[in-house]
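> File query_30.pdb follows (PDB, C-alpha atoms):
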ATOM      1  CA  MET A  24       2.975  -6.884  16.776
ATOM      2  CA  SER A  25       3.090  -9.265  19.641
ATOM      3  CA  ASP A  26      -0.570  -8.927  20.645
ATOM      4  CA  MET A  27      -2.929  -9.974  17.879
ATOM      5  CA  GLU A  28      -5.779  -7.838  19.245
ATOM      6  CA  ASP A  29      -3.725  -4.655  18.825
ATOM      7  CA  VAL A  30      -3.419  -4.855  15.040
ATOM      8  CA  GLY A  31      -5.100  -1.852  13.485
ATOM      9  CA  CYS A  32      -5.288  -0.612   9.929
ATOM     10  CA  GLU A  33      -1.937   1.161  10.062
ATOM     11  CA  GLN A  34      -0.056  -1.943  11.223
ATOM     12  CA  ALA A  35      -1.974  -4.266   8.915
ATOM     13  CA  LEU A  36      -1.236  -2.103   5.870
ATOM     14  CA  LYS A  37       2.395  -1.690   6.913
ATOM     15  CA  HIS A  38       2.844  -5.472   6.841
ATOM     16  CA  LEU A  39       0.486  -6.262   3.970
ATOM     17  CA  VAL A  40       3.115  -7.130   1.375
ATOM     18  CA  GLU A  41       4.906  -9.393   3.842
ATOM     19  CA  PHE A  42       1.547 -10.988   4.661
ATOM     20  CA  VAL A  43       0.792 -11.659   0.994
ATOM     21  CA  ASP A  44       4.304 -13.065   0.541
ATOM     22  CA  GLN A  45       3.856 -15.181   3.695
ATOM     23  CA  GLU A  46       7.001 -13.705   5.231
ATOM     24  CA  LEU A  47       5.587 -12.788   8.654
ATOM     25  CA  ALA A  48       6.194 -14.674  11.875
ATOM     26  CA  ASP A  49       3.187 -16.719  12.990
ATOM     27  CA  ASN A  50       1.973 -14.242  15.619
ATOM     28  CA  GLU A  51       2.287 -11.316  13.190
ATOM     29  CA  HIS A  52       0.614 -13.270  10.400
ATOM     30  CA  ASN A  53      -2.258 -14.236  12.704
ATOM     31  CA  GLY A  54      -2.710 -10.644  13.860
ATOM     32  CA  VAL A  55      -2.898  -9.271  10.325
ATOM     33  CA  GLU A  56      -5.164 -12.129   9.257
ATOM     34  CA  GLN A  57      -7.514 -11.432  12.151
ATOM     35  CA  HIS A  58      -7.627  -7.754  11.210
ATOM     36  CA  LEU A  59      -8.344  -8.565   7.558
ATOM     37  CA  ARG A  60     -11.337 -10.664   8.611
ATOM     38  CA  ILE A  61     -13.036  -7.649  10.169
ATOM     39  CA  CYS A  62     -11.785  -4.723   8.060
ATOM     40  CA  ARG A  63     -13.199  -4.519   4.556
ATOM     41  CA  ASN A  64     -10.911  -1.677   3.481
ATOM     42  CA  CYS A  65      -7.712  -3.498   4.423
ATOM     43  CA  CYS A  66      -9.060  -6.758   3.004
ATOM     44  CA  SER A  67      -9.721  -5.030  -0.321
ATOM     45  CA  ARG A  68      -6.203  -3.614  -0.302
ATOM     46  CA  MET A  69      -4.786  -7.079   0.447
ATOM     47  CA  GLU A  70      -6.742  -8.553  -2.444
ATOM     48  CA  PHE A  71      -5.400  -5.830  -4.750
ATOM     49  CA  GLU A  72      -1.821  -6.543  -3.628
ATOM     50  CA  ARG A  73      -2.321 -10.293  -4.117
ATOM     51  CA  ARG A  74      -3.703  -9.844  -7.638
ATOM     52  CA  LEU A  75      -0.978  -7.370  -8.551
ATOM     53  CA  LYS A  76       1.669  -9.835  -7.411
ATOM     54  CA  GLU A  77       0.062 -12.600  -9.488
ATOM     55  CA  ARG A  78      -0.003 -10.433 -12.596
ATOM     56  CA  LEU A  79       3.547  -9.207 -12.168
ATOM     57  CA  SER A  80       4.765 -12.749 -11.584
ATOM     58  CA  ALA A  81       3.164 -13.853 -14.831
ATOM     59  CA  LEU A  82       5.037 -11.247 -16.880
ATOM     60  CA  THR A  83       8.219 -12.018 -18.721
ATOM     61  CA  THR A  84      10.836  -9.406 -19.531
ATOM     62  CA  GLU A  85       9.615  -9.425 -23.121
ATOM     63  CA  ASP A  86       6.148  -8.343 -21.918
ATOM     64  CA  VAL A  87       7.509  -5.180 -20.308
ATOM     65  CA  PRO A  88       8.606  -2.294 -22.526
ATOM     66  CA  SER A  89      12.231  -1.257 -21.984
ATOM     67  CA  ARG A  90      11.144   2.255 -20.993
ATOM     68  CA  THR A  91       9.029   0.812 -18.194
ATOM     69  CA  ARG A  92      11.880  -1.432 -17.023
ATOM     70  CA  ASP A  93      14.169   1.609 -16.882
ATOM     71  CA  ARG A  94      11.619   3.571 -14.833
ATOM     72  CA  VAL A  95      11.225   0.700 -12.378
ATOM     73  CA  ARG A  96      14.999   0.348 -12.014
ATOM     74  CA  ASP A  97      15.272   4.075 -11.302
ATOM     75  CA  LEU A  98      12.569   3.855  -8.646
ATOM     76  CA  ILE A  99      14.283   0.892  -7.005
ATOM     77  CA  LYS A 100      17.596   2.746  -6.928
ATOM     78  CA  ARG A 101      15.921   5.657  -5.112
ATOM     79  CA  PHE A 102      14.754   3.366  -2.337
TER      80      PHE A 102
END
Reformat the file's structure so that it appears as C-alpha cells.


Amino acid sequence: MSDMEDVGCEQALKHLVEFVDQELADNEHNGVEQHLRICRNCCSRMEFERRLKERLSALTTEDVPSRTRDRVRDLIKRF
C-alpha cells in the first residue's frame, strides 16, 4: 500500500485490525484512514472492530466460561 489513493475496500478491510491496533506503517495507516473517511461501510466495520477489541480487553479469564476458552484455543490452533 505505498500509494494512499489506491486503498480500496479490500485493502482497507485486510488491514483493519492492524489499523485499529495502530500497527501499520505511517503510509499504510494514512491510506486506510483516508479510505475510512469516505467509505461508510468500512468505517462501520472499523468501529465494530474497535468496540469488540475494547470489550474483549475488559474481560478477565473469570468472565469467560471455560467452554468458550477451549473453543477459542481450538480456533487459534487451526490458524

> How far is it from atom CA of A:Val30 to atom CA of A:His58, in Å with one decimal?

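One can read the atom CA of A:Val30 to atom CA of A:His58 distance as 6.4 Å.
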
> Determine the residue membership of the PyMOL selection byres ((chain A and resi 59-66) around 12) for the file above and supply it as a ChimeraX atom specification.

/A:27-28,30-40,42-43,52-58,67-73

> Identify which of the residues A:Lys100, A:Thr84, A:Val95, A:Lys76 lies closest to A:Glu41, counting all atoms listed in the file when measuring atom-to-atom distances.

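Comparing A:Lys100, A:Thr84, A:Val95, A:Lys76 against A:Glu41, the winner is A:Lys76.
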
> What does the distance from atom CA of A:Leu47 to atom CA of A:Asp97 come to in Å, to one decimal?

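Atom CA of A:Asp97 lies at a distance of 27.9 Å from atom CA of A:Leu47.
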
> Can you complete the atoms of stretch 65-86 of chain A to N, CA, C and O atoms and list them as a PDB file, in the frame of the given file?


ATOM      1  N   CYS A  65      -9.025  -2.846   4.458  1.00  0.00           N
ATOM      2  CA  CYS A  65      -7.712  -3.498   4.423  1.00  0.00           C
ATOM      3  C   CYS A  65      -7.780  -4.806   3.643  1.00  0.00           C
ATOM      4  O   CYS A  65      -6.837  -5.150   2.931  1.00  0.00           O
ATOM      5  N   CYS A  66      -8.887  -5.505   3.749  1.00  0.00           N
ATOM      6  CA  CYS A  66      -9.060  -6.758   3.004  1.00  0.00           C
ATOM      7  C   CYS A  66      -9.057  -6.477   1.496  1.00  0.00           C
ATOM      8  O   CYS A  66      -8.437  -7.205   0.729  1.00  0.00           O
ATOM      9  N   SER A  67      -9.715  -5.411   1.095  1.00  0.00           N
ATOM     10  CA  SER A  67      -9.721  -5.030  -0.321  1.00  0.00           C
ATOM     11  C   SER A  67      -8.326  -4.681  -0.792  1.00  0.00           C
ATOM     12  O   SER A  67      -7.915  -5.061  -1.897  1.00  0.00           O
ATOM     13  N   ARG A  68      -7.584  -3.975   0.043  1.00  0.00           N
ATOM     14  CA  ARG A  68      -6.203  -3.614  -0.302  1.00  0.00           C
ATOM     15  C   ARG A  68      -5.339  -4.861  -0.421  1.00  0.00           C
ATOM     16  O   ARG A  68      -4.518  -4.978  -1.329  1.00  0.00           O
ATOM     17  N   MET A  69      -5.533  -5.821   0.490  1.00  0.00           N
ATOM     18  CA  MET A  69      -4.786  -7.079   0.447  1.00  0.00           C
ATOM     19  C   MET A  69      -5.099  -7.833  -0.841  1.00  0.00           C
ATOM     20  O   MET A  69      -4.208  -8.360  -1.498  1.00  0.00           O
ATOM     21  N   GLU A  70      -6.351  -7.865  -1.218  1.00  0.00           N
ATOM     22  CA  GLU A  70      -6.742  -8.553  -2.444  1.00  0.00           C
ATOM     23  C   GLU A  70      -6.110  -7.882  -3.660  1.00  0.00           C
ATOM     24  O   GLU A  70      -5.647  -8.551  -4.582  1.00  0.00           O
ATOM     25  N   PHE A  71      -6.066  -6.554  -3.673  1.00  0.00           N
ATOM     26  CA  PHE A  71      -5.400  -5.830  -4.750  1.00  0.00           C
ATOM     27  C   PHE A  71      -3.926  -6.205  -4.825  1.00  0.00           C
ATOM     28  O   PHE A  71      -3.402  -6.488  -5.907  1.00  0.00           O
ATOM     29  N   GLU A  72      -3.247  -6.203  -3.673  1.00  0.00           N
ATOM     30  CA  GLU A  72      -1.821  -6.543  -3.628  1.00  0.00           C
ATOM     31  C   GLU A  72      -1.583  -7.976  -4.113  1.00  0.00           C
ATOM     32  O   GLU A  72      -0.634  -8.247  -4.841  1.00  0.00           O
ATOM     33  N   ARG A  73      -2.445  -8.886  -3.716  1.00  0.00           N
ATOM     34  CA  ARG A  73      -2.321 -10.293  -4.117  1.00  0.00           C
ATOM     35  C   ARG A  73      -2.473 -10.434  -5.629  1.00  0.00           C
ATOM     36  O   ARG A  73      -1.674 -11.096  -6.293  1.00  0.00           O
ATOM     37  N   ARG A  74      -3.479  -9.772  -6.188  1.00  0.00           N
ATOM     38  CA  ARG A  74      -3.703  -9.844  -7.638  1.00  0.00           C
ATOM     39  C   ARG A  74      -2.580  -9.168  -8.414  1.00  0.00           C
ATOM     40  O   ARG A  74      -2.159  -9.654  -9.468  1.00  0.00           O
ATOM     41  N   LEU A  75      -2.096  -8.058  -7.910  1.00  0.00           N
ATOM     42  CA  LEU A  75      -0.978  -7.370  -8.551  1.00  0.00           C
ATOM     43  C   LEU A  75       0.248  -8.273  -8.578  1.00  0.00           C
ATOM     44  O   LEU A  75       0.919  -8.396  -9.611  1.00  0.00           O
ATOM     45  N   LYS A  76       0.527  -8.920  -7.469  1.00  0.00           N
ATOM     46  CA  LYS A  76       1.669  -9.835  -7.411  1.00  0.00           C
ATOM     47  C   LYS A  76       1.508 -10.970  -8.427  1.00  0.00           C
ATOM     48  O   LYS A  76       2.452 -11.328  -9.115  1.00  0.00           O
ATOM     49  N   GLU A  77       0.316 -11.529  -8.521  1.00  0.00           N
ATOM     50  CA  GLU A  77       0.062 -12.600  -9.488  1.00  0.00           C
ATOM     51  C   GLU A  77       0.324 -12.130 -10.914  1.00  0.00           C
ATOM     52  O   GLU A  77       0.962 -12.829 -11.703  1.00  0.00           O
ATOM     53  N   ARG A  78      -0.179 -10.955 -11.230  1.00  0.00           N
ATOM     54  CA  ARG A  78      -0.003 -10.433 -12.596  1.00  0.00           C
ATOM     55  C   ARG A  78       1.446 -10.122 -12.907  1.00  0.00           C
ATOM     56  O   ARG A  78       1.942 -10.408 -13.994  1.00  0.00           O
ATOM     57  N   LEU A  79       2.138  -9.527 -11.955  1.00  0.00           N
ATOM     58  CA  LEU A  79       3.547  -9.207 -12.168  1.00  0.00           C
ATOM     59  C   LEU A  79       4.379 -10.480 -12.294  1.00  0.00           C
ATOM     60  O   LEU A  79       5.310 -10.539 -13.097  1.00  0.00           O
ATOM     61  N   SER A  80       4.034 -11.482 -11.523  1.00  0.00           N
ATOM     62  CA  SER A  80       4.765 -12.749 -11.584  1.00  0.00           C
ATOM     63  C   SER A  80       4.582 -13.444 -12.926  1.00  0.00           C
ATOM     64  O   SER A  80       5.453 -14.195 -13.369  1.00  0.00           O
ATOM     65  N   ALA A  81       3.453 -13.201 -13.555  1.00  0.00           N
ATOM     66  CA  ALA A  81       3.164 -13.853 -14.831  1.00  0.00           C
ATOM     67  C   ALA A  81       3.866 -13.171 -16.005  1.00  0.00           C
ATOM     68  O   ALA A  81       3.962 -13.751 -17.091  1.00  0.00           O
ATOM     69  N   LEU A  82       4.375 -11.973 -15.798  1.00  0.00           N
ATOM     70  CA  LEU A  82       5.037 -11.247 -16.880  1.00  0.00           C
ATOM     71  C   LEU A  82       6.436 -11.794 -17.138  1.00  0.00           C
ATOM     72  O   LEU A  82       7.116 -12.247 -16.236  1.00  0.00           O
ATOM     73  N   THR A  83       6.831 -11.731 -18.368  1.00  0.00           N
ATOM     74  CA  THR A  83       8.219 -12.018 -18.721  1.00  0.00           C
ATOM     75  C   THR A  83       8.865 -10.693 -19.087  1.00  0.00           C
ATOM     76  O   THR A  83       8.178  -9.691 -19.319  1.00  0.00           O
ATOM     77  N   THR A  84      10.167 -10.664 -19.188  1.00  0.00           N
ATOM     78  CA  THR A  84      10.836  -9.406 -19.531  1.00  0.00           C
ATOM     79  C   THR A  84      10.432  -8.913 -20.915  1.00  0.00           C
ATOM     80  O   THR A  84      10.443  -7.717 -21.179  1.00  0.00           O
ATOM     81  N   GLU A  85      10.046  -9.827 -21.783  1.00  0.00           N
ATOM     82  CA  GLU A  85       9.615  -9.425 -23.121  1.00  0.00           C
ATOM     83  C   GLU A  85       8.265  -8.708 -23.083  1.00  0.00           C
ATOM     84  O   GLU A  85       7.933  -7.941 -23.980  1.00  0.00           O
ATOM     85  N   ASP A  86       7.461  -8.974 -22.038  1.00  0.00           N
ATOM     86  CA  ASP A  86       6.148  -8.343 -21.918  1.00  0.00           C
ATOM     87  C   ASP A  86       6.236  -6.893 -21.455  1.00  0.00           C
ATOM     88  O   ASP A  86       5.287  -6.142 -21.599  1.00  0.00           O
TER      89      ASP A  86
END
